[in-house]
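Trainee: Please find one structure pasted underneath; my questions will follow.
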Amino acid sequence: MPQPQATPSQQQEQLPVSKEQVIQAIRDGGMNLVQTAEKLGPHLQRGNLTTSQIRNIYGMVKRMEMREFNPHEFALLKPKLAYAAKRARARGAEDLKQVLSWAIDEVGTDSQKFLRFVDFFEAILAYHVAAGGK
Amino acid sequence: MTDERTIWLAALLHDIGKFWENIPPADVPSELRAAQKYQHEAYGAWFVRQYLADWTGDLQAVEQIIVKHHQPSLSDEVLVQIADWLASYERVQAGQEEAGGRGKRETLLRSILSRVQGADAKLYHPLQALKIDRETLFPLPEDRAPLPDYSRVWNQFLQELQKVPSPHPRSLLALLFKYFWAAPSDRSYEDIPDISLYHHLVATAAIAVCLRRQQLSEGELATLGDALRTLWSRQPQTPAQQAILNRPVALLVKGDVSGTQDFLYLLTSRGAARGLRGRSFYLQLLTEVVSEWMLRRLQLPLTNRLYAGGGHFYLLVPYCERERVDELRTQIAQKLWQAHRGDLSLNIGAVPVAPVDFVSSQMGGEGFAKKWAEVTQSVESRKRQRWADLGAEQMAQHLFTPYDEGTTAEEMCQVCHGEWKAGEDTTDEGVRKCRRCASFEQLGMELRHCEYLLRFDLPDQTLSHPRPTWQEVLRSFGVEVHPLSRRQDGGLQLPSVPGNAQGVLLERVGDTDFLNEEALDLAGQLHPPVSFDFRLLGEVTPVDAQGNVVDYDYLANASQGVLWLGVLRMDVDSLGQLFRHGLGNDATLSRMTTLSGSMRLFFEAYVPSLCREVNERGREKVYLLYAGGDDLFVVGSWSVLPVLAQRIRDQFREYAGGDHVTISAGIAIEHEKYPLYRLADDAKHALDDRAKGLGKRKINGREVQKNGICFLGEPLGWEQFSEVDYWKNELLAMLQAANGEKKVSRALLTRLMEISQLYRANRRVQQARLRRGEIDEGQFRSLVQHDRWRWRMVYHLSRFAQRYSGQEQALQELKEALSQKGLIQNIHIAARWAELLTREGG
Ligand SMILES: [Zn+2]
């Protein structure tokens, strides 16, 4: 699939979801989660996010899912995300960091919400790939 | 008083003149005309005088009864009039929009299945002699049905009738069926003509014989006639009238063979296919032969058998013979015990039938359908005390005396695991086969190219051997049956006639042209005089390129994809309900026999041709073991069975004229080594418990069973099934790259099955929450749709689209159908189906 050229205007494209929507996705899961991820996927793709930029972080999250939920360990995700986004030098990575940070704050110490966070992350990446993301 | 046979013939032909009404004969003698009320009575009498003078010892009486059956004076004439009424009397008022007997199509038979409650379409049978092809069998909408040519059919009938070399009731019945199966019995102004003339005549004859043998006095007959008139006009009845209306005149007898399941399928695979064919046909023969044996013992004509097929039969017997019926029941039980040692038995139930039971509830009676249901219950309660029919003494003797001495492995038949004795039983290619099993295989072989069936009537012969052949069993019921196959030189091999033969019957098999030159020529070589008939053969046997009956491994090997075997079973949904309620208040005997006859024609005459369509020459795939009554059983290459099932269903839908009468299917497939009886059981479970467990739906206000198919363990409505079929084909196209692009990896199927599993697991979780009241219906639906399966599906299909860019569009469509059109519910079936079709080998 041809990669759409990122134009300056697209780089400035506004985040298609609000903080409230992200929080809602983590609280409710289901339709709110799917639709929020569905909007983010193509946006991040246009922002030149690539899966390799966040592979390590996604891997960590999937490993956490298999163990018992540890809020302390989970909270460390935020600085790691920030670091990865900086290194990636892509608007998409920055946006993803923003969205996931909101989500991490919402999870706090709630293990149910953590599971929805994992789903949310996975769904975002799925729709990102569906939109042509690498 | 006239004798019973004369009454019978008169009753059988009382309305035959109706056929002539459209083409009135010019030369009807005036003395016949003078006696008639309408015209058909004189025509009927005139027909008998011209064509059947040799067929009765009392021509004048027959003529007289026919001529007077609408304004009788003598008691015989009254009797036939009453039989006529009891067989079909009703007034089914035609609605405003529908002309009853009048109008352009006034003379066509309305298809009875299109008359069942809930029917939308009005279908009509083209008037023609019975032939086994679609054009003849299928009813048509009014605007497509050809105008009937009464004179052509009538002349064909007369021509064939004159070919019959010697009078015999059986030959006459066969001709009446062939020519009047699609003729309406009544074409008067206000009625919807949905009863075939043939069925009306047969029912009248059956009832007339019962009435005659009950020896009702002239006064009683008159009272009965009056009672019926007052019943119909809803006037108060005298006690005498009430009494005679409720006094039994007949017994409805039902016989039902049990043990057929094990008898057919509980065999080891050695030569099983051939043996199965023989066994299945034997069961068919046994049902017929035993019911006819009962009729002979009771000195009743064949018309008193209302139905025989599929392991059961119905007889209408004069009430005064009830003790005889009990005696016969015991004798049958003993013969069958000797023949099968309890592996097969026949349960016979009987219920009394009073005149009021024949009258439709519309006309103030009880409705014959009620009796049909009652007698089935009677059989069921008989089944629970299975061996009681043997008689106490016999029972003690048989049941508690061990009879199986040889039980070491060397003394066991390798097919049925029964006894085997050197010297008496045989060995075939190193396999020990008992006489009985060997005889079934032999029968299966002989049926391969069987074109005629020859039958001799003999005195009953005693069964002496503990493992009797099928022929010996039938001889114990007084018949000897020979399938006739063609020799190399094209001729037919005739067996020698037994010296004690009392009668001969020559039946054409699978073809209604039964009085052809060859048959007449054969009959000329036989003594005593031959009667003629034909039988539809609801069977198809697959053969290899050399013409040998193939075994199951052959069928499995003819599959596409994985080399498995399958069993398909189908039957009409809610049959009991259809008979009890489907005909509404109009359920009379002749309407019910017309209905069962109509279904038989579909299954016995048409289903075999649908099965033959899937059998390619040199690579035959299905074995139609049985089709009759309202059901069918097929063994075959697994891959053709779903296609065949869908085709049979589509054709049945067209035949019935809508969705008011439906058919369901169950398919079980497995490795060829899997025992057939388990496969048969699995298919039965798939049909009875799964496909029929789809729930209820309403159609035109009537609650009916949802219909569908259970395949790969998943029950689906027919519409969903064809959607699954469509997507199976789409998947195959991607896998095989029909469009010339790169072939999609079979991993696609695995992914789809995983996604489906996610979907179904989540659905179960949400269902539990719904039950616990944690979420409402709306939330449930939303949560089922918006879960992991959804983005994973999007992810995987996108990945596939990237890898196989040539299939991008097909994958996109699949994605949409899954996410928006509910395909996710059934995609695992399509994926599994495609997986099996593309898997190599066994
Ligand atoms: Zn055996």
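Chain lettering (A, B, ...) mirrors the order of the structure tokens, residue numbering begins at 1 for each chain separately, and ligand numbering begins at 1 in order of display.
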If the limit is 9 Å from any atom of ligand 1, counting only C-alpha atoms and all ligand atoms, which residues qualify? Return them as JSON, numbers by chain.

Mentor: {"B": [267, 412, 413, 414, 415, 416, 417, 418, 419, 420, 432, 433, 434, 435, 436, 437, 438, 467]}

Trainee: Generate the output file for the selected residues, all heavy atoms, as a compact mmCIF listing (two decimals), in the first residue's frame.

Mentor:
```txt
# COMPACT_ATOMS: atom_id res chain seq x y z
N LEU B 267 -22.78 -52.94 11.72
CA LEU B 267 -22.07 -53.99 11.00
C LEU B 267 -20.63 -53.59 10.87
O LEU B 267 -20.32 -52.41 10.78
CB LEU B 267 -22.64 -54.13 9.59
CG LEU B 267 -24.13 -54.38 9.47
CD1 LEU B 267 -24.54 -54.26 8.02
CD2 LEU B 267 -24.48 -55.74 10.00
N MET B 412 -17.87 -66.97 14.71
CA MET B 412 -18.63 -65.75 14.67
C MET B 412 -18.62 -65.17 13.26
O MET B 412 -17.60 -65.17 12.59
CB MET B 412 -17.96 -64.74 15.61
CG MET B 412 -18.95 -63.89 16.38
SD MET B 412 -18.07 -62.61 17.21
CE MET B 412 -18.13 -63.17 18.87
N CYS B 413 -19.77 -64.72 12.81
CA CYS B 413 -19.86 -64.03 11.52
C CYS B 413 -19.11 -62.70 11.64
O CYS B 413 -19.32 -61.97 12.60
CB CYS B 413 -21.32 -63.78 11.16
SG CYS B 413 -21.56 -62.60 9.84
N GLN B 414 -18.23 -62.44 10.68
CA GLN B 414 -17.41 -61.24 10.81
C GLN B 414 -18.15 -59.99 10.37
O GLN B 414 -17.62 -58.89 10.44
CB GLN B 414 -16.11 -61.41 10.03
CG GLN B 414 -15.13 -62.31 10.78
CD GLN B 414 -13.92 -62.62 9.95
OE1 GLN B 414 -13.95 -63.48 9.09
NE2 GLN B 414 -12.82 -61.89 10.18
N VAL B 415 -19.37 -60.15 9.91
CA VAL B 415 -20.15 -58.97 9.52
C VAL B 415 -21.10 -58.56 10.65
O VAL B 415 -21.09 -57.42 11.10
CB VAL B 415 -20.95 -59.23 8.23
CG1 VAL B 415 -21.79 -58.01 7.87
CG2 VAL B 415 -20.01 -59.58 7.09
N CYS B 416 -21.90 -59.51 11.13
CA CYS B 416 -22.91 -59.15 12.13
C CYS B 416 -22.56 -59.64 13.53
O CYS B 416 -23.27 -59.35 14.48
CB CYS B 416 -24.28 -59.68 11.73
SG CYS B 416 -24.41 -61.48 11.85
N HIS B 417 -21.46 -60.35 13.68
CA HIS B 417 -21.04 -60.92 14.97
C HIS B 417 -22.02 -61.93 15.54
O HIS B 417 -22.03 -62.18 16.74
CB HIS B 417 -20.77 -59.81 15.99
CG HIS B 417 -19.71 -58.84 15.53
ND1 HIS B 417 -18.44 -59.24 15.22
CD2 HIS B 417 -19.77 -57.52 15.29
CE1 HIS B 417 -17.74 -58.20 14.82
NE2 HIS B 417 -18.52 -57.15 14.84
N GLY B 418 -22.87 -62.46 14.68
CA GLY B 418 -23.76 -63.54 15.10
C GLY B 418 -23.05 -64.88 14.91
O GLY B 418 -21.84 -64.94 14.64
N GLU B 419 -23.81 -65.93 15.01
CA GLU B 419 -23.24 -67.26 14.93
C GLU B 419 -22.77 -67.59 13.51
O GLU B 419 -23.35 -67.13 12.52
CB GLU B 419 -24.31 -68.27 15.35
CG GLU B 419 -23.76 -69.63 15.72
CD GLU B 419 -24.88 -70.60 16.03
OE1 GLU B 419 -26.06 -70.23 15.86
OE2 GLU B 419 -24.57 -71.73 16.41
N TRP B 420 -21.73 -68.37 13.42
CA TRP B 420 -21.23 -68.84 12.12
C TRP B 420 -20.83 -70.30 12.26
O TRP B 420 -20.13 -70.66 13.21
CB TRP B 420 -20.03 -68.00 11.69
CG TRP B 420 -19.47 -68.35 10.33
CD1 TRP B 420 -19.84 -67.80 9.14
CD2 TRP B 420 -18.46 -69.32 10.03
NE1 TRP B 420 -19.14 -68.35 8.12
CE2 TRP B 420 -18.27 -69.31 8.62
CE3 TRP B 420 -17.69 -70.21 10.79
CZ2 TRP B 420 -17.36 -70.13 7.98
CZ3 TRP B 420 -16.78 -71.04 10.14
CH2 TRP B 420 -16.62 -70.99 8.75
N ARG B 432 -15.50 -64.61 7.17
CA ARG B 432 -16.63 -65.47 7.52
C ARG B 432 -17.92 -64.67 7.48
O ARG B 432 -18.04 -63.64 8.11
CB ARG B 432 -16.43 -66.05 8.93
CG ARG B 432 -15.35 -67.13 9.02
CD ARG B 432 -15.32 -67.74 10.41
NE ARG B 432 -15.17 -66.72 11.45
CZ ARG B 432 -13.99 -66.17 11.76
NH1 ARG B 432 -12.90 -66.54 11.13
NH2 ARG B 432 -13.92 -65.25 12.71
N LYS B 433 -18.86 -65.18 6.70
CA LYS B 433 -20.15 -64.52 6.61
C LYS B 433 -21.25 -65.54 6.85
O LYS B 433 -21.26 -66.59 6.23
CB LYS B 433 -20.34 -63.90 5.23
CG LYS B 433 -19.45 -62.70 5.00
CD LYS B 433 -19.53 -62.15 3.59
CE LYS B 433 -18.55 -60.99 3.47
NZ LYS B 433 -18.36 -60.55 2.10
N CYS B 434 -22.17 -65.21 7.76
CA CYS B 434 -23.27 -66.14 8.00
C CYS B 434 -24.21 -66.11 6.80
O CYS B 434 -24.15 -65.21 5.97
CB CYS B 434 -24.00 -65.79 9.30
SG CYS B 434 -24.96 -64.29 9.25
N ARG B 435 -25.08 -67.10 6.72
CA ARG B 435 -25.97 -67.21 5.56
C ARG B 435 -26.78 -65.94 5.39
O ARG B 435 -27.02 -65.46 4.30
CB ARG B 435 -26.99 -68.35 5.72
CG ARG B 435 -26.47 -69.65 6.17
CD ARG B 435 -27.61 -70.57 6.57
NE ARG B 435 -28.38 -71.06 5.43
CZ ARG B 435 -29.69 -70.90 5.30
NH1 ARG B 435 -30.36 -70.26 6.23
NH2 ARG B 435 -30.33 -71.40 4.27
N ARG B 436 -27.25 -65.44 6.53
CA ARG B 436 -28.11 -64.27 6.46
C ARG B 436 -27.36 -63.08 5.86
O ARG B 436 -27.82 -62.45 4.93
CB ARG B 436 -28.61 -63.93 7.86
CG ARG B 436 -29.65 -62.87 7.83
CD ARG B 436 -30.04 -62.32 9.19
NE ARG B 436 -29.51 -63.00 10.34
CZ ARG B 436 -30.23 -63.37 11.39
NH1 ARG B 436 -31.52 -63.14 11.40
NH2 ARG B 436 -29.64 -63.94 12.43
N CYS B 437 -26.17 -62.82 6.41
CA CYS B 437 -25.39 -61.69 5.91
C CYS B 437 -25.02 -61.88 4.45
O CYS B 437 -25.06 -60.95 3.65
CB CYS B 437 -24.13 -61.49 6.76
SG CYS B 437 -24.51 -60.82 8.38
N ALA B 438 -24.65 -63.11 4.11
CA ALA B 438 -24.30 -63.39 2.71
C ALA B 438 -25.51 -63.13 1.82
O ALA B 438 -25.38 -62.60 0.72
CB ALA B 438 -23.84 -64.84 2.58
N ARG B 467 -30.42 -69.08 11.14
CA ARG B 467 -29.95 -67.85 10.50
C ARG B 467 -30.54 -67.80 9.09
O ARG B 467 -29.83 -68.02 8.12
CB ARG B 467 -28.42 -67.81 10.43
CG ARG B 467 -27.76 -67.81 11.79
CD ARG B 467 -26.25 -67.86 11.71
NE ARG B 467 -25.74 -69.06 11.05
CZ ARG B 467 -25.73 -70.28 11.60
NH1 ARG B 467 -26.21 -70.46 12.82
NH2 ARG B 467 -25.27 -71.32 10.93
```

Trainee: Taking only C-alpha atoms into account, what are the residues of chain B at most 9 Å from chain A, put as a PyMOL selection string?

Mentor: chain B and resi 782-788+790-799+802+805

Trainee: Between A:Val118, A:Ile23, A:Ala93, A:Leu40, single out the one closest to Phe74 in chain A, counting only C-alpha atoms.

Mentor: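 Result for the nearest residue to Phe74 in chain A: A:Val118.
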
Trainee: Excluding range 62-68 of chain A and residues on its chain fewer than 3 positions from it, collect all residues at most 9 Å away from it, counting only C-alpha atoms, and give them as a ChimeraX atom specification.

Mentor: /A:57-59,73-74,111,114-115,118

Trainee: Determine the nearest neighbour of Ala75 in chain A from the options A:Pro42, A:Pro16, A:Gly108, A:Gly133, counting only C-alpha atoms.

Mentor: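 Among A:Pro42, A:Pro16, A:Gly108, A:Gly133, it is A:Gly108 that comes nearest to Ala75 in chain A.
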
Trainee: Please identify all polymer residues within 9 Å of Leu77 in chain A, counting only C-alpha atoms, omitting same-chain residues fewer than 5 positions from it, and present them as a list in words.

Mentor: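 Everything that qualifies: Ile57, Met60, Val61, Ala82, Ser101 and Ile104 of chain A.
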
Trainee: Go ahead and write the selection's residues with N, CA, C and O atoms as a PDB file, in the first residue's frame.

Mentor:
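In the end it all went to result-v2.pdb:
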```pdb
ATOM      1  N   ILE A  57       8.058  -1.084  24.297  1.00  0.00           N
ATOM      2  CA  ILE A  57       7.058  -0.719  25.295  1.00  0.00           C
ATOM      3  C   ILE A  57       5.832  -1.638  25.201  1.00  0.00           C
ATOM      4  O   ILE A  57       5.313  -2.116  26.210  1.00  0.00           O
ATOM      5  N   MET A  60       6.619  -4.860  26.809  1.00  0.00           N
ATOM      6  CA  MET A  60       6.557  -4.789  28.273  1.00  0.00           C
ATOM      7  C   MET A  60       5.119  -4.910  28.775  1.00  0.00           C
ATOM      8  O   MET A  60       4.826  -5.630  29.732  1.00  0.00           O
ATOM      9  N   VAL A  61       4.236  -4.189  28.071  1.00  0.00           N
ATOM     10  CA  VAL A  61       2.831  -4.206  28.486  1.00  0.00           C
ATOM     11  C   VAL A  61       2.263  -5.619  28.371  1.00  0.00           C
ATOM     12  O   VAL A  61       1.581  -6.109  29.273  1.00  0.00           O
ATOM     13  N   ALA A  82       7.770   8.510  27.256  1.00  0.00           N
ATOM     14  CA  ALA A  82       8.287   9.847  26.934  1.00  0.00           C
ATOM     15  C   ALA A  82       9.641   9.731  26.249  1.00  0.00           C
ATOM     16  O   ALA A  82       9.904  10.385  25.235  1.00  0.00           O
ATOM     17  N   SER A 101      -0.535   8.269  28.027  1.00  0.00           N
ATOM     18  CA  SER A 101      -0.290   8.869  29.350  1.00  0.00           C
ATOM     19  C   SER A 101      -1.614   9.166  30.038  1.00  0.00           C
ATOM     20  O   SER A 101      -1.772   8.926  31.231  1.00  0.00           O
ATOM     21  N   ILE A 104      -2.849   5.890  31.207  1.00  0.00           N
ATOM     22  CA  ILE A 104      -2.109   5.357  32.368  1.00  0.00           C
ATOM     23  C   ILE A 104      -2.587   6.039  33.650  1.00  0.00           C
ATOM     24  O   ILE A 104      -2.831   5.380  34.672  1.00  0.00           O
TER      25      ILE A 104
END
```

Trainee: Taking only C-alpha atoms into account, which of A:Arg91, A:Lys80, A:Arg116, A:Arg27 comes nearest Leu49 in chain A?

Mentor: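 Checking each of A:Arg91, A:Lys80, A:Arg116, A:Arg27 against Leu49 in chain A, counting only C-alpha atoms, the winner is A:Arg91.
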
Trainee: Run DSSP on the backbone and tell me which residues of range 279-511 of chain B come out as strand (DSSP E); list them as a PyMOL selection string.

Mentor: chain B and resi 305-309+312-318+345-353+426-428+431-433+450-457+479-485+503-509

Trainee: Would you kindly return, as a list in words, each protein, DNA or RNA residue with an atom no farther than 8 Å from any atom of range 712-718 of chain B, considering only C-alpha atoms and excluding same-chain residues fewer than 4 positions away?

Mentor: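 Answer for this query is Gln646, Ile667, Ala668, Ile669, Ala686, Arg690, Ala691, Leu694, Lys706, Asn707, Gly708, Ser722, Ile829 and Trp833 of chain B.
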
Trainee: Hey, can you spit out that residue selection with N, CA, C and O atoms as a JSON list (two decimals), in the first residue's frame?

Mentor:
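As a result, part.json now contains:
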```
[["chain", "number", "residue", "atom", "x", "y", "z"],
["B", 646, "GLN", "N", -28.56, -28.80, 0.42],
["B", 646, "GLN", "CA", -29.10, -27.50, 0.03],
["B", 646, "GLN", "C", -29.98, -27.64, -1.22],
["B", 646, "GLN", "O", -31.05, -27.05, -1.31],
["B", 667, "ILE", "N", -25.88, -33.40, 9.04],
["B", 667, "ILE", "CA", -24.76, -34.06, 8.36],
["B", 667, "ILE", "C", -23.69, -34.39, 9.40],
["B", 667, "ILE", "O", -23.38, -33.57, 10.25],
["B", 668, "ALA", "N", -23.17, -35.60, 9.34],
["B", 668, "ALA", "CA", -22.03, -35.96, 10.17],
["B", 668, "ALA", "C", -20.94, -36.45, 9.24],
["B", 668, "ALA", "O", -21.21, -37.19, 8.30],
["B", 669, "ILE", "N", -19.72, -36.02, 9.49],
["B", 669, "ILE", "CA", -18.61, -36.47, 8.65],
["B", 669, "ILE", "C", -17.47, -36.95, 9.52],
["B", 669, "ILE", "O", -17.29, -36.48, 10.64],
["B", 686, "ALA", "N", -27.49, -34.67, 14.87],
["B", 686, "ALA", "CA", -27.37, -33.36, 14.20],
["B", 686, "ALA", "C", -28.73, -32.89, 13.69],
["B", 686, "ALA", "O", -29.07, -31.72, 13.78],
["B", 690, "ARG", "N", -30.04, -30.85, 16.95],
["B", 690, "ARG", "CA", -29.40, -29.56, 16.63],
["B", 690, "ARG", "C", -30.20, -28.77, 15.61],
["B", 690, "ARG", "O", -30.71, -27.72, 15.92],
["B", 691, "ALA", "N", -30.32, -29.32, 14.41],
["B", 691, "ALA", "CA", -31.04, -28.56, 13.36],
["B", 691, "ALA", "C", -32.46, -28.26, 13.81],
["B", 691, "ALA", "O", -33.00, -27.18, 13.55],
["B", 694, "LEU", "N", -33.41, -25.25, 16.55],
["B", 694, "LEU", "CA", -33.23, -23.84, 16.20],
["B", 694, "LEU", "C", -34.35, -22.96, 16.73],
["B", 694, "LEU", "O", -34.29, -21.76, 16.67],
["B", 706, "LYS", "N", -38.48, -23.75, 13.28],
["B", 706, "LYS", "CA", -37.49, -23.17, 12.36],
["B", 706, "LYS", "C", -36.81, -24.32, 11.66],
["B", 706, "LYS", "O", -36.64, -25.39, 12.22],
["B", 707, "ASN", "N", -36.39, -24.10, 10.44],
["B", 707, "ASN", "CA", -35.77, -25.20, 9.72],
["B", 707, "ASN", "C", -34.36, -24.83, 9.32],
["B", 707, "ASN", "O", -34.03, -23.67, 9.18],
["B", 708, "GLY", "N", -33.55, -25.85, 9.18],
["B", 708, "GLY", "CA", -32.17, -25.56, 8.85],
["B", 708, "GLY", "C", -31.34, -26.81, 8.72],
["B", 708, "GLY", "O", -31.87, -27.91, 8.55],
["B", 722, "SER", "N", -26.58, -20.71, 3.43],
["B", 722, "SER", "CA", -26.13, -20.37, 2.08],
["B", 722, "SER", "C", -25.15, -19.20, 2.13],
["B", 722, "SER", "O", -24.28, -19.07, 1.28],
["B", 829, "ILE", "N", -17.40, -21.78, 10.67],
["B", 829, "ILE", "CA", -17.92, -22.90, 9.89],
["B", 829, "ILE", "C", -17.39, -22.82, 8.46],
["B", 829, "ILE", "O", -16.92, -23.81, 7.90],
["B", 833, "TRP", "N", -14.88, -25.51, 6.89],
["B", 833, "TRP", "CA", -15.32, -26.15, 5.65],
["B", 833, "TRP", "C", -14.23, -26.00, 4.58],
["B", 833, "TRP", "O", -13.81, -26.98, 3.95]]
```

Trainee: Taking 3 positions as the minimum chain separation for residues in the same chain, which residues sit within 9 Å of Trp20 in chain B when counting only C-alpha atoms? Answer as a count of residues only.

Mentor: 11

Trainee: For His828 in chain B, find every residue with an atom within 7 Å (counting only C-alpha atoms), except residues of its own chain fewer than 5 positions away, and show them as a list in words.

Mentor: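 So, after excluding close chain neighbours, the residues are Leu752, Met753 and Ser756 of chain B.
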
Trainee: What does the file look like for those residues with C-alpha atoms, as a CSV table (one decimal), in the first residue's frame?

Mentor:
```csv
chain,number,residue,atom,x,y,z
B,752,LEU,CA,-10.3,-16.8,11.2
B,753,MET,CA,-10.9,-19.7,13.5
B,756,SER,CA,-14.1,-16.7,15.8
```

Trainee: Please run DSSP on the backbone and report, as a PyMOL selection string, all residues within chain A that come out as alpha helix (DSSP H).

Mentor: chain A and resi 8-11+19-28+30-46+51-66+71-75+77-88+91-107+111-130
